[in-house]
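Colleague: Let me begin by handing over the structure; questions about it come next.
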Amino acid sequence: MRYAILSDIHANLEAFTAVLNDLSKRGIDSIWCLGDIVDYGPDPCGCLYLLRRQKYVAVPGNHDLAAIGVIDTADFVPDAVESNRWTREQLQASHIEFLSSLPSVIEEEDFTLVHASPRDPIWEYLNSADRARENLPYFKSPFCLFGHTHRPVIFRCLKNGSCVTADFSEEADFSLEGGRLFLNPGSVGQPRDGDPRASYAVYDSETKTIRLCRVPYDVAATQSKMLKNKLPPGLILRLSYGL
């Protein structure tokens with residue numbers, strides 16, 4: 001079986017469509033979605049529609065829950081507050097019901113799926129090997145998949161209890177052998193690692209490997225729609241640079 005690991009689509013329909021087209025060439029059996037399907041981008045309803053047409057499992061992200069009023073935006077930066085307010089106005093009752101139904105933690109095969117971290121599935125930024133080590137007691141499976149930071153990364157945890165940042169790139173398959181690990185596939189709709197291409201990962205259960213995948217998409221088309229809908233200029237500009 002081959003699984004696509006997606007996170008942080010952020011209502012970017014052009015990026016999500018490009019990823020789905022890429023998946024069709026790779027023989028993917030199912031999608032594991034790590035949250036933040038909506039907000040920031042101009043097509044929250046379109047992205048929800050496309051996801052629900054796939055074979056998938058999904059957890060919610062902080063922006064998903066804020067958009068349906070489950071959590072507030074007190075800790076959001078001003079651009080995020082503005083875009084979240086706009087997103088709320090676009091969602092219909094069926095979208096709200098769907099996002100409300102998503103569990104914050106899912107276990108699939110040898111993986112625990114969360115948006116942020118096992119310790120705090122919605123908010124914590126798991127952005128260092130030390131923080132990964134602190135999260136080890138909070139899940140039981142060998143591997144944890146997370147998003148939220150918009151940056152692809154793998155933290156491998158060793159038998160001595162320490163965790164290290166491992167090499168994770170498009171250049172080679174990454175073997176899951178050798179201990180517990182945390183994996184972030186990066187962001188489909190708003191990458192922040194200096195590469196504007198959509199980012200996701202593919203897990204092959206037969207070879208026990210994961211590969212990082214990058215897909216170009218029509219950034220200008222997304223930006224044009226964001227401009228038309230008067231979304232924050234900072235959110236529009238950053239898509240050009242993957243920041």
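Every chain in the structure tokens has a letter given in the order shown (A, B, ...), and although residue numbers restart at 1 in each chain, ligands are simply numbered from 1 in the order shown.
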If we count only C-alpha atoms and set the cut-off at 12 Å, which residues sit around Val19 (chain A), ignoring sequence neighbours fewer than 4 positions away in its own chain? Please answer as a PDB file with N, CA and C atoms, in the first residue's frame.
Modeller:
ATOM      1  N   ALA A   4      -0.351   8.813   0.681  1.00  0.00           N
ATOM      2  CA  ALA A   4       0.105  10.196   0.555  1.00  0.00           C
ATOM      3  C   ALA A   4      -0.107  10.893   1.887  1.00  0.00           C
ATOM      4  N   ILE A   5       0.932  11.531   2.396  1.00  0.00           N
ATOM      5  CA  ILE A   5       0.865  12.254   3.664  1.00  0.00           C
ATOM      6  C   ILE A   5       0.850  13.741   3.338  1.00  0.00           C
ATOM      7  N   LEU A   6      -0.289  14.388   3.609  1.00  0.00           N
ATOM      8  CA  LEU A   6      -0.488  15.796   3.263  1.00  0.00           C
ATOM      9  C   LEU A   6      -0.751  16.619   4.517  1.00  0.00           C
ATOM     10  N   SER A   7      -0.315  17.861   4.501  1.00  0.00           N
ATOM     11  CA  SER A   7      -0.636  18.761   5.602  1.00  0.00           C
ATOM     12  C   SER A   7      -0.727  20.195   5.101  1.00  0.00           C
ATOM     13  N   ILE A   9      -2.939  22.337   3.696  1.00  0.00           N
ATOM     14  CA  ILE A   9      -3.421  22.697   2.357  1.00  0.00           C
ATOM     15  C   ILE A   9      -3.783  24.176   2.300  1.00  0.00           C
ATOM     16  N   ASN A  12      -5.611  26.368  -0.671  1.00  0.00           N
ATOM     17  CA  ASN A  12      -4.898  26.658  -1.912  1.00  0.00           C
ATOM     18  C   ASN A  12      -5.277  25.580  -2.928  1.00  0.00           C
ATOM     19  N   LEU A  13      -6.314  25.858  -3.698  1.00  0.00           N
ATOM     20  CA  LEU A  13      -6.865  24.851  -4.604  1.00  0.00           C
ATOM     21  C   LEU A  13      -5.897  24.500  -5.729  1.00  0.00           C
ATOM     22  N   GLU A  14      -5.162  25.477  -6.234  1.00  0.00           N
ATOM     23  CA  GLU A  14      -4.201  25.208  -7.303  1.00  0.00           C
ATOM     24  C   GLU A  14      -3.116  24.241  -6.824  1.00  0.00           C
ATOM     25  N   ALA A  15      -2.607  24.472  -5.621  1.00  0.00           N
ATOM     26  CA  ALA A  15      -1.571  23.598  -5.069  1.00  0.00           C
ATOM     27  C   ALA A  15      -2.133  22.212  -4.787  1.00  0.00           C
ATOM     28  N   LEU A  23      -0.349  12.616  -7.418  1.00  0.00           N
ATOM     29  CA  LEU A  23      -0.681  11.354  -6.742  1.00  0.00           C
ATOM     30  C   LEU A  23      -1.225  10.321  -7.721  1.00  0.00           C
ATOM     31  N   SER A  24      -1.985  10.785  -8.689  1.00  0.00           N
ATOM     32  CA  SER A  24      -2.589   9.850  -9.640  1.00  0.00           C
ATOM     33  C   SER A  24      -1.538   9.108 -10.459  1.00  0.00           C
ATOM     34  N   LYS A  25      -0.349   9.694 -10.560  1.00  0.00           N
ATOM     35  CA  LYS A  25       0.737   9.062 -11.308  1.00  0.00           C
ATOM     36  C   LYS A  25       1.540   8.093 -10.437  1.00  0.00           C
ATOM     37  N   ARG A  26       1.340   8.153  -9.130  1.00  0.00           N
ATOM     38  CA  ARG A  26       2.162   7.375  -8.201  1.00  0.00           C
ATOM     39  C   ARG A  26       1.444   6.157  -7.626  1.00  0.00           C
ATOM     40  N   ILE A  28      -1.295   5.948  -5.567  1.00  0.00           N
ATOM     41  CA  ILE A  28      -1.581   6.125  -4.145  1.00  0.00           C
ATOM     42  C   ILE A  28      -2.898   5.449  -3.775  1.00  0.00           C
ATOM     43  N   ILE A  31      -5.084   8.822   1.305  1.00  0.00           N
ATOM     44  CA  ILE A  31      -4.474  10.057   1.783  1.00  0.00           C
ATOM     45  C   ILE A  31      -4.591  10.140   3.292  1.00  0.00           C
ATOM     46  N   CYS A  47     -11.354  23.135  -1.565  1.00  0.00           N
ATOM     47  CA  CYS A  47     -10.396  22.167  -1.017  1.00  0.00           C
ATOM     48  C   CYS A  47     -11.092  21.117  -0.163  1.00  0.00           C
ATOM     49  N   LEU A  50     -12.747  18.683  -2.609  1.00  0.00           N
ATOM     50  CA  LEU A  50     -11.789  17.772  -3.241  1.00  0.00           C
ATOM     51  C   LEU A  50     -11.292  16.700  -2.276  1.00  0.00           C
ATOM     52  N   LEU A  51     -10.985  17.099  -1.045  1.00  0.00           N
ATOM     53  CA  LEU A  51     -10.502  16.121  -0.075  1.00  0.00           C
ATOM     54  C   LEU A  51     -11.544  15.042   0.157  1.00  0.00           C
ATOM     55  N   SER A 187       4.190  21.657   3.739  1.00  0.00           N
ATOM     56  CA  SER A 187       2.870  22.213   3.462  1.00  0.00           C
ATOM     57  C   SER A 187       2.518  22.124   1.978  1.00  0.00           C
ATOM     58  N   VAL A 188       1.293  21.691   1.709  1.00  0.00           N
ATOM     59  CA  VAL A 188       0.792  21.704   0.337  1.00  0.00           C
ATOM     60  C   VAL A 188       0.564  23.137  -0.132  1.00  0.00           C
ATOM     61  N   GLY A 189      -0.131  23.930   0.685  1.00  0.00           N
ATOM     62  CA  GLY A 189      -0.616  25.219   0.204  1.00  0.00           C
ATOM     63  C   GLY A 189       0.123  26.449   0.633  1.00  0.00           C
ATOM     64  N   ARG A 197       7.228  25.425  -4.058  1.00  0.00           N
ATOM     65  CA  ARG A 197       6.475  24.282  -4.573  1.00  0.00           C
ATOM     66  C   ARG A 197       5.692  23.586  -3.454  1.00  0.00           C
ATOM     67  N   ALA A 198       4.534  23.025  -3.825  1.00  0.00           N
ATOM     68  CA  ALA A 198       3.759  22.238  -2.866  1.00  0.00           C
ATOM     69  C   ALA A 198       4.586  21.061  -2.374  1.00  0.00           C
ATOM     70  N   SER A 199       4.423  20.742  -1.094  1.00  0.00           N
ATOM     71  CA  SER A 199       5.226  19.691  -0.468  1.00  0.00           C
ATOM     72  C   SER A 199       4.323  18.638   0.155  1.00  0.00           C
ATOM     73  N   TYR A 200       4.685  17.365  -0.032  1.00  0.00           N
ATOM     74  CA  TYR A 200       3.989  16.267   0.626  1.00  0.00           C
ATOM     75  C   TYR A 200       4.931  15.066   0.664  1.00  0.00           C
ATOM     76  N   ALA A 201       4.475  13.950   1.224  1.00  0.00           N
ATOM     77  CA  ALA A 201       5.313  12.749   1.305  1.00  0.00           C
ATOM     78  C   ALA A 201       4.505  11.518   0.924  1.00  0.00           C
ATOM     79  N   VAL A 202       5.201  10.473   0.509  1.00  0.00           N
ATOM     80  CA  VAL A 202       4.580   9.194   0.170  1.00  0.00           C
ATOM     81  C   VAL A 202       5.202   8.107   1.026  1.00  0.00           C
ATOM     82  N   CYS A 213       8.116  14.651  -1.650  1.00  0.00           N
ATOM     83  CA  CYS A 213       7.748  15.026  -3.021  1.00  0.00           C
ATOM     84  C   CYS A 213       7.463  16.529  -3.085  1.00  0.00           C
ATOM     85  N   ARG A 214       7.919  17.176  -4.144  1.00  0.00           N
ATOM     86  CA  ARG A 214       7.642  18.594  -4.375  1.00  0.00           C
ATOM     87  C   ARG A 214       6.995  18.741  -5.744  1.00  0.00           C
ATOM     88  N   VAL A 215       5.966  19.594  -5.806  1.00  0.00           N
ATOM     89  CA  VAL A 215       5.192  19.756  -7.027  1.00  0.00           C
ATOM     90  C   VAL A 215       4.993  21.244  -7.325  1.00  0.00           C
ATOM     91  N   PRO A 216       5.387  21.725  -8.506  1.00  0.00           N
ATOM     92  CA  PRO A 216       5.105  23.113  -8.863  1.00  0.00           C
ATOM     93  C   PRO A 216       3.610  23.293  -9.144  1.00  0.00           C
ATOM     94  N   TYR A 217       3.122  24.487  -8.901  1.00  0.00           N
ATOM     95  CA  TYR A 217       1.719  24.794  -9.210  1.00  0.00           C
ATOM     96  C   TYR A 217       1.627  26.254  -9.650  1.00  0.00           C
ATOM     97  N   ASP A 218       0.449  26.674 -10.070  1.00  0.00           N
ATOM     98  CA  ASP A 218       0.252  28.036 -10.576  1.00  0.00           C
ATOM     99  C   ASP A 218       0.077  29.004  -9.404  1.00  0.00           C
TER     100      ASP A 218
END
Colleague: When you look at Glu97 (chain A) with a cut-off of 12 Å (counting only C-alpha atoms), what residues show up, excluding the ones that are within fewer than 3 positions of it in the same chain? I need them as a PyMOL selection string.
Modeller: chain A and resi 48+64-65+67-70+91-94+100-102
Colleague: Only N, CA and C atoms, please: the residues just picked out, written as a CSV table (one decimal), in the first residue's frame.
Modeller:
chain,number,residue,atom,x,y,z
A,48,LEU,N,-12.1,21.5,0.6
A,48,LEU,CA,-12.8,20.6,1.4
A,48,LEU,C,-13.6,19.6,0.5
A,64,ASP,N,-8.4,25.2,11.0
A,64,ASP,CA,-9.7,24.6,10.8
A,64,ASP,C,-10.7,24.8,12.0
A,65,LEU,N,-10.2,24.6,13.2
A,65,LEU,CA,-11.0,24.8,14.4
A,65,LEU,C,-11.4,26.2,14.6
A,67,ALA,N,-11.8,28.4,12.3
A,67,ALA,CA,-12.7,28.8,11.3
A,67,ALA,C,-14.1,28.4,11.6
A,68,ILE,N,-14.3,27.4,12.4
A,68,ILE,CA,-15.6,26.9,12.8
A,68,ILE,C,-16.0,27.4,14.2
A,69,GLY,N,-15.2,28.2,14.8
A,69,GLY,CA,-15.5,28.8,16.1
A,69,GLY,C,-15.2,27.9,17.3
A,70,VAL,N,-14.5,26.8,17.1
A,70,VAL,CA,-14.2,25.9,18.2
A,70,VAL,C,-13.1,26.5,19.1
A,91,LEU,N,-17.7,29.3,4.7
A,91,LEU,CA,-18.1,28.0,5.0
A,91,LEU,C,-19.6,27.8,5.2
A,92,GLN,N,-20.1,26.7,4.7
A,92,GLN,CA,-21.5,26.3,4.8
A,92,GLN,C,-21.7,25.3,6.0
A,93,ALA,N,-22.9,25.1,6.3
A,93,ALA,CA,-23.2,24.2,7.5
A,93,ALA,C,-22.5,22.8,7.3
A,94,SER,N,-22.5,22.3,6.1
A,94,SER,CA,-22.0,21.0,5.9
A,94,SER,C,-20.4,21.0,6.1
A,100,SER,N,-16.0,19.7,12.3
A,100,SER,CA,-16.2,19.4,13.7
A,100,SER,C,-16.1,18.0,14.0
A,101,SER,N,-16.3,17.1,13.0
A,101,SER,CA,-16.3,15.7,13.2
A,101,SER,C,-14.9,15.1,13.2
A,102,LEU,N,-13.9,15.8,12.9
A,102,LEU,CA,-12.6,15.2,12.7
A,102,LEU,C,-11.9,15.0,14.1
Colleague: Just list the residues in region 53-208 of chain A DSSP gives strand (DSSP E) on the backbone, as a ChimeraX atom specification.
Modeller: /A:56-58,106-108,111-113,143-145,152-157,163-166,174-175,181-185,198-204
Colleague: Would you kindly return, as a PyMOL selection string, each protein, DNA or RNA residue with an atom no farther than 12 Å from any atom of Arg52 (chain A), considering only C-alpha atoms and excluding same-chain residues fewer than 5 positions away?
Modeller: chain A and resi 30-33+37+45-47+57-58+94-95+98-99
Colleague: Just to be explicit: take each residue in the selection above, keep N, CA and C atoms, and write the result as a PDB file, in the first residue's frame.
Modeller:
ATOM      1  N   SER A  30      -4.393   5.778  -0.528  1.00  0.00           N
ATOM      2  CA  SER A  30      -5.169   6.581   0.402  1.00  0.00           C
ATOM      3  C   SER A  30      -4.369   7.817   0.800  1.00  0.00           C
ATOM      4  N   ILE A  31      -5.084   8.822   1.305  1.00  0.00           N
ATOM      5  CA  ILE A  31      -4.474  10.057   1.783  1.00  0.00           C
ATOM      6  C   ILE A  31      -4.591  10.140   3.292  1.00  0.00           C
ATOM      7  N   TRP A  32      -3.508  10.510   3.949  1.00  0.00           N
ATOM      8  CA  TRP A  32      -3.519  10.842   5.365  1.00  0.00           C
ATOM      9  C   TRP A  32      -3.302  12.353   5.465  1.00  0.00           C
ATOM     10  N   CYS A  33      -4.324  13.063   5.907  1.00  0.00           N
ATOM     11  CA  CYS A  33      -4.286  14.528   5.949  1.00  0.00           C
ATOM     12  C   CYS A  33      -4.100  15.003   7.385  1.00  0.00           C
ATOM     13  N   ILE A  37      -6.765  22.386   6.569  1.00  0.00           N
ATOM     14  CA  ILE A  37      -7.292  22.278   5.218  1.00  0.00           C
ATOM     15  C   ILE A  37      -7.710  23.653   4.720  1.00  0.00           C
ATOM     16  N   CYS A  45     -13.790  26.092   0.471  1.00  0.00           N
ATOM     17  CA  CYS A  45     -14.860  25.147   0.131  1.00  0.00           C
ATOM     18  C   CYS A  45     -14.410  24.180  -0.957  1.00  0.00           C
ATOM     19  N   GLY A  46     -13.672  24.683  -1.939  1.00  0.00           N
ATOM     20  CA  GLY A  46     -13.178  23.825  -3.010  1.00  0.00           C
ATOM     21  C   GLY A  46     -12.213  22.775  -2.499  1.00  0.00           C
ATOM     22  N   CYS A  47     -11.354  23.135  -1.565  1.00  0.00           N
ATOM     23  CA  CYS A  47     -10.396  22.167  -1.017  1.00  0.00           C
ATOM     24  C   CYS A  47     -11.092  21.117  -0.163  1.00  0.00           C
ATOM     25  N   VAL A  57      -8.123   9.759   5.516  1.00  0.00           N
ATOM     26  CA  VAL A  57      -8.403  10.025   6.920  1.00  0.00           C
ATOM     27  C   VAL A  57      -7.816  11.396   7.201  1.00  0.00           C
ATOM     28  N   ALA A  58      -8.366  12.119   8.176  1.00  0.00           N
ATOM     29  CA  ALA A  58      -7.898  13.487   8.428  1.00  0.00           C
ATOM     30  C   ALA A  58      -8.086  13.882   9.875  1.00  0.00           C
ATOM     31  N   SER A  94     -22.536  22.312   6.091  1.00  0.00           N
ATOM     32  CA  SER A  94     -21.953  20.979   5.867  1.00  0.00           C
ATOM     33  C   SER A  94     -20.445  20.986   6.087  1.00  0.00           C
ATOM     34  N   HIS A  95     -19.784  22.091   5.747  1.00  0.00           N
ATOM     35  CA  HIS A  95     -18.339  22.205   5.970  1.00  0.00           C
ATOM     36  C   HIS A  95     -18.040  22.248   7.467  1.00  0.00           C
ATOM     37  N   PHE A  98     -18.492  18.827   8.967  1.00  0.00           N
ATOM     38  CA  PHE A  98     -17.375  17.947   8.615  1.00  0.00           C
ATOM     39  C   PHE A  98     -16.151  18.245   9.472  1.00  0.00           C
ATOM     40  N   LEU A  99     -15.749  19.509   9.545  1.00  0.00           N
ATOM     41  CA  LEU A  99     -14.558  19.860  10.307  1.00  0.00           C
ATOM     42  C   LEU A  99     -14.742  19.570  11.791  1.00  0.00           C
TER      43      LEU A  99
END
Colleague: Give me, as a PDB file with C-alpha atoms, in the first residue's frame, all polymer residues having an atom no more than 12 Å from Ile71 (chain A), counting only C-alpha atoms and skipping those fewer than 4 positions away in the same chain.
Modeller:
ATOM      1  CA  PRO A  60      -8.104  19.052  12.147  1.00  0.00           C
ATOM      2  CA  GLY A  61      -5.601  21.883  12.467  1.00  0.00           C
ATOM      3  CA  ASN A  62      -5.797  25.036  14.551  1.00  0.00           C
ATOM      4  CA  HIS A  63      -6.967  27.085  11.557  1.00  0.00           C
ATOM      5  CA  ASP A  64      -9.724  24.578  10.794  1.00  0.00           C
ATOM      6  CA  LEU A  65     -11.018  24.750  14.361  1.00  0.00           C
ATOM      7  CA  ALA A  66     -10.758  28.538  14.501  1.00  0.00           C
ATOM      8  CA  ALA A  67     -12.709  28.821  11.253  1.00  0.00           C
ATOM      9  CA  ASP A  75      -2.967  33.834  19.522  1.00  0.00           C
ATOM     10  CA  PHE A  76      -3.097  34.378  15.748  1.00  0.00           C
ATOM     11  CA  ASN A  84      -9.814  33.374   9.333  1.00  0.00           C
ATOM     12  CA  SER A 100     -16.236  19.446  13.694  1.00  0.00           C
ATOM     13  CA  ILE A 122      -3.570  21.448  17.905  1.00  0.00           C
ATOM     14  CA  TRP A 123      -1.079  24.119  18.989  1.00  0.00           C
TER      15      TRP A 123
END
Colleague: A:Val77, A:Leu176, A:Val153, A:Val38: which is nearest Gln90 (chain A), counting only C-alpha atoms?
Modeller: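 Comparing A:Val77, A:Leu176, A:Val153, A:Val38 against Gln90 (chain A), the winner is A:Val38.
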Colleague: Would you give me, as JSON lines, each residue of region 198-234 of chain A having an atom within 12 Å of an atom of region 137-143 of chain A, along with its shortest atom pair and that distance in Å to one decimal, using only C-alpha atoms and sorting by chain and residue number?
Modeller:
{"residue": "A:Tyr203", "atom": "CA", "partner": "A:Phe143", "partner_atom": "CA", "distance": 11.8}
{"residue": "A:Lys208", "atom": "CA", "partner": "A:Phe143", "partner_atom": "CA", "distance": 11.6}
{"residue": "A:Ile210", "atom": "CA", "partner": "A:Phe143", "partner_atom": "CA", "distance": 11.7}
Colleague: Smallest atom-to-atom distance to Phe174 (chain A): which of A:Ser240, A:Asp204, A:Cys157, A:His10, using only C-alpha atoms?
Modeller: A:Asp204
